Structure formats: C-alpha cells, structure tokens
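Enquirer: CSV, C-alpha atoms, file model24.csv:
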```csv
chain,number,residue,atom,x,y,z
A,21,MET,CA,0.0,0.0,0.0
A,22,SER,CA,1.2,3.5,-0.8
A,23,ALA,CA,1.6,6.1,1.9
A,24,LYS,CA,-0.8,8.3,0.0
A,25,TRP,CA,-3.5,5.6,0.1
A,26,ILE,CA,-2.9,5.1,3.8
A,27,CYS,CA,-3.2,8.8,4.5
A,28,GLY,CA,-6.5,8.9,2.6
A,29,VAL,CA,-7.9,6.1,4.6
A,30,LEU,CA,-6.9,7.8,7.9
A,31,VAL,CA,-8.5,11.0,6.8
A,32,VAL,CA,-11.8,9.2,6.0
A,33,LEU,CA,-11.7,7.4,9.3
A,34,ALA,CA,-11.0,10.6,11.2
A,35,ALA,CA,-13.9,12.3,9.4
A,36,LEU,CA,-16.3,9.4,10.3
A,37,ILE,CA,-15.2,9.5,13.9
A,38,PHE,CA,-15.6,13.3,14.1
A,39,MET,CA,-19.1,13.2,12.4
A,40,ALA,CA,-20.5,10.4,14.5
A,41,PRO,CA,-21.4,12.7,17.5
A,42,VAL,CA,-22.8,15.2,15.1
A,43,ARG,CA,-25.0,12.7,13.4
A,44,ALA,CA,-26.1,11.4,16.8
A,45,LYS,CA,-27.0,14.9,17.9
A,46,VAL,CA,-28.9,15.6,14.7
A,47,LYS,CA,-30.8,12.3,15.2
A,48,ARG,CA,-31.6,13.3,18.8
A,49,LEU,CA,-32.8,16.7,17.7
A,50,ALA,CA,-35.0,15.2,15.0
A,51,ALA,CA,-36.5,12.7,17.4
A,52,SER,CA,-37.1,15.5,19.9
A,53,ALA,CA,-38.8,17.6,17.2
A,54,THR,CA,-40.9,14.7,16.2
A,55,GLN,CA,-42.0,14.1,19.8
A,56,THR,CA,-42.9,17.8,20.1
A,57,VAL,CA,-45.0,17.7,16.9
A,58,LYS,CA,-46.7,14.5,18.0
A,59,GLY,CA,-47.5,16.1,21.4
A,60,ARG,CA,-49.3,19.1,19.8
A,61,LYS,CA,-53.0,18.7,19.2
A,62,THR,CA,-54.9,19.5,16.0
A,63,VAL,CA,-58.4,21.0,15.8
A,64,ALA,CA,-59.7,17.5,14.9
A,65,ASP,CA,-58.0,16.1,17.9
A,66,ARG,CA,-59.7,18.5,20.2
A,67,VAL,CA,-63.1,17.9,18.6
A,68,ASN,CA,-62.6,14.2,19.1
A,69,GLU,CA,-61.6,14.8,22.7
A,70,PHE,CA,-64.4,17.1,23.7
A,71,GLY,CA,-67.1,16.6,21.0
A,72,GLU,CA,-69.2,13.9,22.6
A,73,ALA,CA,-69.5,15.7,25.9
A,74,VAL,CA,-70.2,19.0,24.1
A,75,ASP,CA,-72.9,17.4,21.9
A,76,LYS,CA,-74.7,16.1,25.0
A,77,ARG,CA,-74.8,19.6,26.5
A,78,LEU,CA,-75.5,21.6,23.4
A,79,ALA,CA,-77.8,19.5,21.2
A,80,PRO,CA,-80.8,19.8,23.6
A,81,ARG,CA,-80.4,23.6,23.7
A,82,PHE,CA,-80.4,23.8,20.0
A,83,ARG,CA,-83.5,21.6,19.8
A,84,GLU,CA,-85.3,23.8,22.3
A,85,ALA,CA,-84.4,26.8,20.1
A,86,GLY,CA,-85.6,25.1,17.0
A,87,VAL,CA,-82.2,25.3,15.3
A,88,PRO,CA,-80.3,22.4,13.6
A,89,TYR,CA,-77.2,21.1,15.4
A,90,PRO,CA,-74.6,21.9,14.3
A,91,PRO,CA,-76.0,25.1,12.7
A,92,SER,CA,-75.2,26.5,9.3
A,93,ARG,CA,-74.3,29.9,10.8
A,94,ILE,CA,-73.7,31.4,14.3
A,95,THR,CA,-73.3,34.8,15.8
A,96,LEU,CA,-71.5,35.6,19.0
A,97,ILE,CA,-72.4,38.8,20.8
A,98,GLY,CA,-70.0,40.0,23.4
A,99,LEU,CA,-71.4,42.5,25.9
A,100,LYS,CA,-68.7,44.3,27.9
A,101,HIS,CA,-70.9,46.1,30.4
A,102,GLU,CA,-73.0,43.1,31.1
A,103,LYS,CA,-70.1,40.6,31.0
A,104,LEU,CA,-72.1,38.2,28.8
A,105,LEU,CA,-71.5,36.3,25.5
A,106,ASP,CA,-74.7,35.5,23.6
A,107,LEU,CA,-74.8,32.5,21.2
A,108,TRP,CA,-77.3,32.9,18.3
A,109,ALA,CA,-77.7,30.4,15.6
A,110,SER,CA,-79.5,30.3,12.2
A,111,THR,CA,-82.6,28.3,11.5
A,112,THR,CA,-83.1,26.6,8.1
A,113,ASN,CA,-84.8,29.7,6.8
A,114,GLY,CA,-82.0,32.1,7.9
A,115,GLN,CA,-83.7,33.5,11.0
A,116,PHE,CA,-81.4,33.7,14.0
A,117,ARG,CA,-82.5,32.4,17.4
A,118,HIS,CA,-81.0,32.7,20.8
A,119,VAL,CA,-79.5,29.4,22.0
A,120,LYS,CA,-77.4,30.2,25.1
A,121,THR,CA,-75.8,32.9,27.1
A,122,TYR,CA,-72.3,32.5,28.7
A,123,PRO,CA,-70.9,34.6,31.5
A,124,ILE,CA,-67.6,36.3,30.6
A,125,LEU,CA,-65.4,35.3,33.6
A,126,GLY,CA,-62.5,37.6,32.7
A,127,ALA,CA,-62.0,40.7,30.6
A,128,SER,CA,-59.8,43.7,31.2
A,129,GLY,CA,-60.1,47.3,30.4
A,130,LYS,CA,-63.1,49.6,30.3
A,131,LEU,CA,-65.9,50.6,27.9
A,132,GLY,CA,-64.6,52.0,24.6
A,133,PRO,CA,-62.5,50.6,21.7
A,134,LYS,CA,-59.1,49.0,21.6
A,135,LEU,CA,-56.7,51.5,20.1
A,136,ARG,CA,-53.2,50.3,20.7
A,137,GLU,CA,-51.0,47.4,21.9
A,138,GLY,CA,-50.9,47.1,25.6
A,139,ASP,CA,-54.0,49.2,26.4
A,140,ARG,CA,-55.7,46.0,27.9
A,141,GLN,CA,-58.9,46.9,26.0
A,142,VAL,CA,-61.4,44.4,24.6
A,143,PRO,CA,-62.2,45.6,21.0
A,144,GLU,CA,-65.6,46.9,19.9
A,145,GLY,CA,-66.9,46.4,16.5
A,146,LEU,CA,-68.0,43.8,13.9
A,147,TYR,CA,-65.6,40.9,13.6
A,148,ARG,CA,-65.1,37.3,12.4
A,149,ILE,CA,-63.3,34.2,13.7
A,150,GLU,CA,-60.1,33.8,11.7
A,151,SER,CA,-58.7,30.7,13.3
A,152,LEU,CA,-58.9,28.1,16.1
A,153,ASN,CA,-56.1,27.4,18.5
A,154,PRO,CA,-56.2,23.8,19.9
A,155,ASN,CA,-53.0,24.4,21.8
A,156,SER,CA,-53.7,27.6,23.6
A,157,SER,CA,-52.1,28.5,26.9
A,158,PHE,CA,-55.7,29.2,28.0
A,159,HIS,CA,-57.0,25.7,27.2
A,160,LEU,CA,-58.7,26.4,23.8
A,161,ALA,CA,-59.1,29.6,21.9
A,162,LEU,CA,-61.0,31.2,19.0
A,163,ARG,CA,-59.0,34.1,17.4
A,164,ILE,CA,-60.9,37.2,16.5
A,165,ASN,CA,-59.8,39.1,13.3
A,166,TYR,CA,-58.8,42.2,15.2
A,167,PRO,CA,-57.5,44.5,13.8
A,168,ASN,CA,-59.9,44.2,10.9
A,169,LYS,CA,-59.9,46.5,7.8
A,170,PHE,CA,-61.9,49.2,9.7
A,171,ASP,CA,-59.5,49.1,12.7
A,172,ARG,CA,-56.4,49.4,10.4
A,173,GLU,CA,-57.9,52.2,8.4
A,174,LYS,CA,-58.6,54.2,11.6
A,175,ALA,CA,-55.2,53.5,13.0
A,176,ALA,CA,-53.5,54.7,9.8
A,177,GLN,CA,-55.6,57.9,9.8
A,178,GLU,CA,-54.6,58.6,13.4
A,179,GLY,CA,-50.9,57.6,13.1
A,180,ARG,CA,-51.3,54.6,15.4
A,181,THR,CA,-48.7,52.0,14.1
A,182,GLU,CA,-49.4,49.3,16.7
A,183,PRO,CA,-53.2,48.8,17.2
A,184,GLY,CA,-52.6,45.5,18.9
A,185,SER,CA,-53.4,41.9,18.0
A,186,ASP,CA,-54.0,38.4,19.3
A,187,ILE,CA,-57.5,38.9,20.6
A,188,MET,CA,-59.2,35.6,21.6
A,189,ILE,CA,-62.2,34.1,23.1
A,190,HIS,CA,-60.6,31.4,25.3
A,191,GLY,CA,-60.7,29.3,28.4
A,192,SER,CA,-59.5,30.0,31.9
A,193,THR,CA,-60.7,33.0,33.9
A,194,ALA,CA,-57.9,35.5,33.4
A,195,SER,CA,-57.3,37.7,30.4
A,196,ILE,CA,-55.8,40.9,29.1
A,197,GLY,CA,-57.9,42.3,26.2
A,198,CYS,CA,-59.5,38.9,25.5
A,199,LEU,CA,-62.7,37.2,26.7
A,200,ALA,CA,-62.0,34.5,29.2
A,201,MET,CA,-64.9,32.1,29.3
A,202,GLY,CA,-63.8,29.3,31.5
A,203,ASP,CA,-62.7,25.9,30.2
A,204,PRO,CA,-66.2,24.2,29.8
A,205,ALA,CA,-67.6,27.1,27.8
A,206,ALA,CA,-64.4,27.3,25.7
A,207,GLU,CA,-64.8,23.6,24.8
A,208,GLU,CA,-68.4,24.2,23.7
A,209,LEU,CA,-67.5,27.3,21.6
A,210,PHE,CA,-64.4,25.6,20.1
A,211,VAL,CA,-66.3,22.4,19.1
A,212,LEU,CA,-69.2,24.4,17.8
A,213,ALA,CA,-67.0,26.7,15.7
A,214,ALA,CA,-65.1,23.7,14.3
A,215,ARG,CA,-68.3,22.0,13.2
A,216,THR,CA,-70.1,25.1,11.9
A,217,GLY,CA,-67.0,26.4,10.1
A,218,ILE,CA,-65.2,29.6,11.1
A,219,GLN,CA,-66.2,31.2,7.8
A,220,ASN,CA,-69.8,31.0,9.0
A,221,ILE,CA,-69.3,32.8,12.3
A,222,GLU,CA,-69.6,36.5,13.0
A,223,VAL,CA,-68.8,38.3,16.2
A,224,ILE,CA,-70.3,41.5,17.5
A,225,LEU,CA,-68.4,43.1,20.4
A,226,SER,CA,-70.3,46.0,22.0
A,227,PRO,CA,-69.8,48.2,25.0
A,228,VAL,CA,-73.4,47.6,26.2
A,229,ASP,CA,-76.5,45.8,25.1
A,230,PHE,CA,-78.0,48.5,22.9
A,231,ARG,CA,-81.3,46.4,22.7
A,232,VAL,CA,-82.0,47.3,26.3
A,233,ARG,CA,-79.8,50.3,27.3
A,234,GLU,CA,-77.8,53.2,26.0
A,235,LEU,CA,-74.2,54.2,26.9
A,236,PRO,CA,-73.8,55.2,30.5
A,237,PRO,CA,-73.4,58.9,31.4
A,238,ASP,CA,-69.9,58.2,32.7
A,239,MET,CA,-68.8,56.6,29.4
A,240,PRO,CA,-65.0,57.3,28.9
A,241,PRO,CA,-64.2,59.6,26.0
A,242,VAL,CA,-64.0,57.8,22.7
A,243,PRO,CA,-62.7,58.8,19.2
A,244,ALA,CA,-64.9,60.9,17.0
A,245,TRP,CA,-65.6,58.0,14.7
A,246,MET,CA,-67.0,55.7,17.4
A,247,PRO,CA,-70.7,57.0,17.3
A,248,ALA,CA,-71.0,55.9,13.7
A,249,LEU,CA,-69.6,52.4,14.6
A,250,TYR,CA,-72.0,52.2,17.5
A,251,ALA,CA,-74.8,53.0,15.1
A,252,LYS,CA,-73.7,50.0,13.0
A,253,ILE,CA,-73.7,47.8,16.0
A,254,ARG,CA,-77.2,49.0,17.0
A,255,LYS,CA,-78.4,48.1,13.5
A,256,GLU,CA,-76.9,44.6,13.7
A,257,PHE,CA,-78.7,44.1,17.0
A,258,GLY,CA,-81.9,44.4,15.1
A,259,ARG,CA,-81.4,40.9,13.8
A,260,PHE,CA,-81.1,39.5,17.3
A,261,ARG,CA,-84.2,40.3,19.2
```
Is it possible to express this structure as structure tokens?
Expert:
Amino acid sequence: MSAKWICGVLVVLAALIFMAPVRAKVKRLAASATQTVKGRKTVADRVNEFGEAVDKRLAPRFREAGVPYPPSRITLIGLKHEKLLDLWASTTNGQFRHVKTYPILGASGKLGPKLREGDRQVPEGLYRIESLNPNSSFHLALRINYPNKFDREKAAQEGRTEPGSDIMIHGSTASIGCLAMGDPAAEELFVLAARTGIQNIEVILSPVDFRVRELPPDMPPVPAWMPALYAKIRKEFGRFR
C-alpha cells in the first residue's frame, strides 16, 4: 500500500469519527422535534376529545331553540358592560334564534374601543373568527380578526402604528384584552366553531347591550368615529331580538 493511500484512509476514518457525534446529535434533535409535533393537538384532535360531551350539552339547547345542530351559521355577541356572551344560531330559513348565554369570567379594560397594543382593552366592532387554536395556553381559543380592515384604516388615519393583536375568546378565567370564558364554555364554543366552520361565524363586540340600554353617562371619551360604529352595532342588533 502506498503512503498516499494510507493517508487517505486515515482522513476518511477521522472524518467518520468526528461526524459520529454530530450525526447522533442531529438524530436526537430530529427525534425531539418529532415528539414535540406529536405532542401538539390539531383541531380535529380537540373535537374528538371534547365533542361527545359538548354534543350532549348543546344538542338539547339547539332543539329547544328550533335550530339544527350543528347550525349553518352562528353569531356571538359579546357585551362588555353586562359581561355576557350570547350565542345565536341560524334556522333553516335564515332566521337567528338565541341558544345560550355564557358569563364572561375575565375581561380587562373599560368601555370603549381597543386602540393600541398594551392598552388592555377588549375591542368593539363587527368581527369574524379567523382561526382556532387547539394548543392555547388558555386551554382552547377562538381568534378574532382584530384589527380588521376598519381598525387598520382608523389606526392609519390617526398615526397609530401598533393597534394591537391576538384577541381571543378562550378558556381559563384570566385575560388581558380577550374574553376568558372558563374551560367548559371554551370547549363548547371551540367544538361548535369547528363543526359550523369559522367562515360561518360573525362576532359582535359591544360596550353595552343596545337592545335594552344606552351608553352610561360616565362613558369614557372615545374617538370621534365611534358613534358611527355604535350605530352600525345597533343596526346589527336588530337581527337578534
């Protein structure tokens, strides 16, 4: 054997010896990543986990209201002053009927809109559900599409570059700018949203229930564009009597 050949073999062996720990580390990291992914739940996982119990609780309420279960469309009405979340669902002819009212167990801030990141305010306006989070730190969560187009336009007009984000309807009882409903209610809302389809859900967040009361005399000051938004919310309430 030539010295050149021997040197080549030694170099290859050295490389293999050096790379062995690297390959082992990569393998461990890959296994760890796989375990992490496997440990996370999907929306379907959560529906399978809680669906049967939720069905037993909700199906009778829908029958009493004369609404199919699951419904084709739902509307969630969050009332900040009353600390209530109303669930309305559509009948086969498109009429909405009240199905259930949930107490809001945790919500920060005061009456008035959310304007910036960190103001601890629950938004006010007309929204949609944009996604479901089956791995929320607050059990389960429905993400509201705040800031929506209207919110972004007003923020741009006023030079507000950080209007905030990550507004949820979720479990637990503590919240900053979100609606904390408790875990059983979050399970019902999550399963219902998954089965109805988030594209078929609208959310109305209002300072007060305009169907029964007006804004309080001690209402905090609000931007000049808020009365027009409140008028839109009042008009929407006309569908939910």
Enquirer: Give me, as JSON lines, each residue of segment 193-241 of chain A that comes within 12 Å of segment 155-158 of chain A, together with its shortest interatomic pair and the distance in Å at one decimal, counting all atoms listed in the file, with rows ordered by chain and rising residue number.
Expert:
```
{"residue": "A:Thr193", "atom": "CA", "partner": "A:Phe158", "partner_atom": "CA", "distance": 8.6}
{"residue": "A:Ala194", "atom": "CA", "partner": "A:Phe158", "partner_atom": "CA", "distance": 8.6}
{"residue": "A:Ser195", "atom": "CA", "partner": "A:Phe158", "partner_atom": "CA", "distance": 9.0}
{"residue": "A:Ile196", "atom": "CA", "partner": "A:Phe158", "partner_atom": "CA", "distance": 11.8}
{"residue": "A:Cys198", "atom": "CA", "partner": "A:Phe158", "partner_atom": "CA", "distance": 10.7}
{"residue": "A:Leu199", "atom": "CA", "partner": "A:Phe158", "partner_atom": "CA", "distance": 10.7}
{"residue": "A:Ala200", "atom": "CA", "partner": "A:Phe158", "partner_atom": "CA", "distance": 8.3}
{"residue": "A:Met201", "atom": "CA", "partner": "A:Phe158", "partner_atom": "CA", "distance": 9.7}
{"residue": "A:Gly202", "atom": "CA", "partner": "A:Phe158", "partner_atom": "CA", "distance": 8.8}
{"residue": "A:Asp203", "atom": "CA", "partner": "A:Phe158", "partner_atom": "CA", "distance": 8.0}
{"residue": "A:Pro204", "atom": "CA", "partner": "A:Phe158", "partner_atom": "CA", "distance": 11.8}
{"residue": "A:Ala206", "atom": "CA", "partner": "A:Phe158", "partner_atom": "CA", "distance": 9.2}
{"residue": "A:Glu207", "atom": "CA", "partner": "A:Phe158", "partner_atom": "CA", "distance": 11.2}
{"residue": "A:Phe210", "atom": "CA", "partner": "A:Ser156", "partner_atom": "CA", "distance": 11.4}
```
Enquirer: Which residue is closest to Ala251 of chain A? Choose from A:Gly197, A:Pro80, A:Gly145, A:Pro88 and count only C-alpha atoms.
Expert: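 Nearest to Ala251 of chain A: A:Gly145.
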Enquirer: Considering all atoms listed in the file, return as a PDB file with C-alpha atoms, in the coordinates of the input whatever protein or nucleic-acid residues lie within 6 Å of segment 172-189 of chain A, sequence-local ones (same chain, fewer than 2 positions apart) excluded.
Expert:
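Result went into out19.pdb, see below:
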```
ATOM      1  CA  LEU A 135     -56.700  51.500  20.100  1.00  0.00           C
ATOM      2  CA  ARG A 136     -53.200  50.300  20.700  1.00  0.00           C
ATOM      3  CA  GLU A 137     -51.000  47.400  21.900  1.00  0.00           C
ATOM      4  CA  ALA A 161     -59.100  29.600  21.900  1.00  0.00           C
ATOM      5  CA  LEU A 162     -61.000  31.200  19.000  1.00  0.00           C
ATOM      6  CA  ARG A 163     -59.000  34.100  17.400  1.00  0.00           C
ATOM      7  CA  ILE A 164     -60.900  37.200  16.500  1.00  0.00           C
ATOM      8  CA  LYS A 169     -59.900  46.500   7.800  1.00  0.00           C
ATOM      9  CA  PHE A 170     -61.900  49.200   9.700  1.00  0.00           C
ATOM     10  CA  CYS A 198     -59.500  38.900  25.500  1.00  0.00           C
ATOM     11  CA  LEU A 199     -62.700  37.200  26.700  1.00  0.00           C
TER      12      LEU A 199
END
```
Enquirer: Report, in Å to a single decimal, how far apart atom CA of Val74 of chain A and atom CA of Val211 of chain A are.
Expert: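 Answer for the atom CA of Val211 of chain A to atom CA of Val74 of chain A separation: 7.2 Å.
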Enquirer: Report, in Å to a single decimal, how far apart atom CA of Val228 of chain A and atom CA of Asn168 of chain A are.
Expert: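 Between these atoms lies a distance of 20.7 Å.
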Enquirer: Hey, what's within 10 Å of Gly217 of chain A if we count all atoms listed in the file and toss same-chain stuff fewer than 4 positions away? As a PyMOL selection string, please?
Expert: chain A and resi 90-94+149+151+211-213+221
Enquirer: Do you have the atom CA of Glu208 of chain A-atom CA of Pro133 of chain A distance handy?
Expert: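 Computing the Euclidean distance for atom CA of Glu208 of chain A and atom CA of Pro133 of chain A yields 27.1 Å.
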Enquirer: Given the choices A:Met246, A:Ile224, A:Arg60, A:Ala73, which gets closest to Trp108 of chain A if the distance is worked out from all atoms listed in the file?
Expert: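 Ranked by minimum distance to Trp108 of chain A, first place goes to A:Ile224.
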Enquirer: Using all atoms listed in the file, which of the listed residues (A:Leu209, A:Thr121, A:Asn153, A:Ile97) sits closest to Glu256 of chain A?
Expert: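 Closest to Glu256 of chain A of all the choices is A:Ile97.
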Enquirer: Pick out the residues sitting within 7 Å of Asn165 of chain A, and hand them over as a PyMOL selection string; count all atoms listed in the file, and ignore anything fewer than 5 positions along from it in its own chain.
Expert: chain A and resi 147-150
Enquirer: Hey, which of A:Gly191, A:Pro154, A:Gly258, A:Pro167 ends up closest to Leu125 of chain A? Count only C-alpha atoms.
Expert: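 Looking only at the distances to Leu125 of chain A, the closest residue turns out to be A:Gly191.
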Enquirer: Using all atoms listed in the file, pick whichever of A:Ala85, A:Ser110, A:Val67, A:Val232 has the shortest atom-to-atom distance to Asn220 of chain A.
Expert: A:Ser110
Enquirer: From the options A:Asp229, A:Asp106, A:Pro236, A:Thr62, which residue's atoms come nearest to Arg254 of chain A, counting only C-alpha atoms?
Expert: A:Asp229
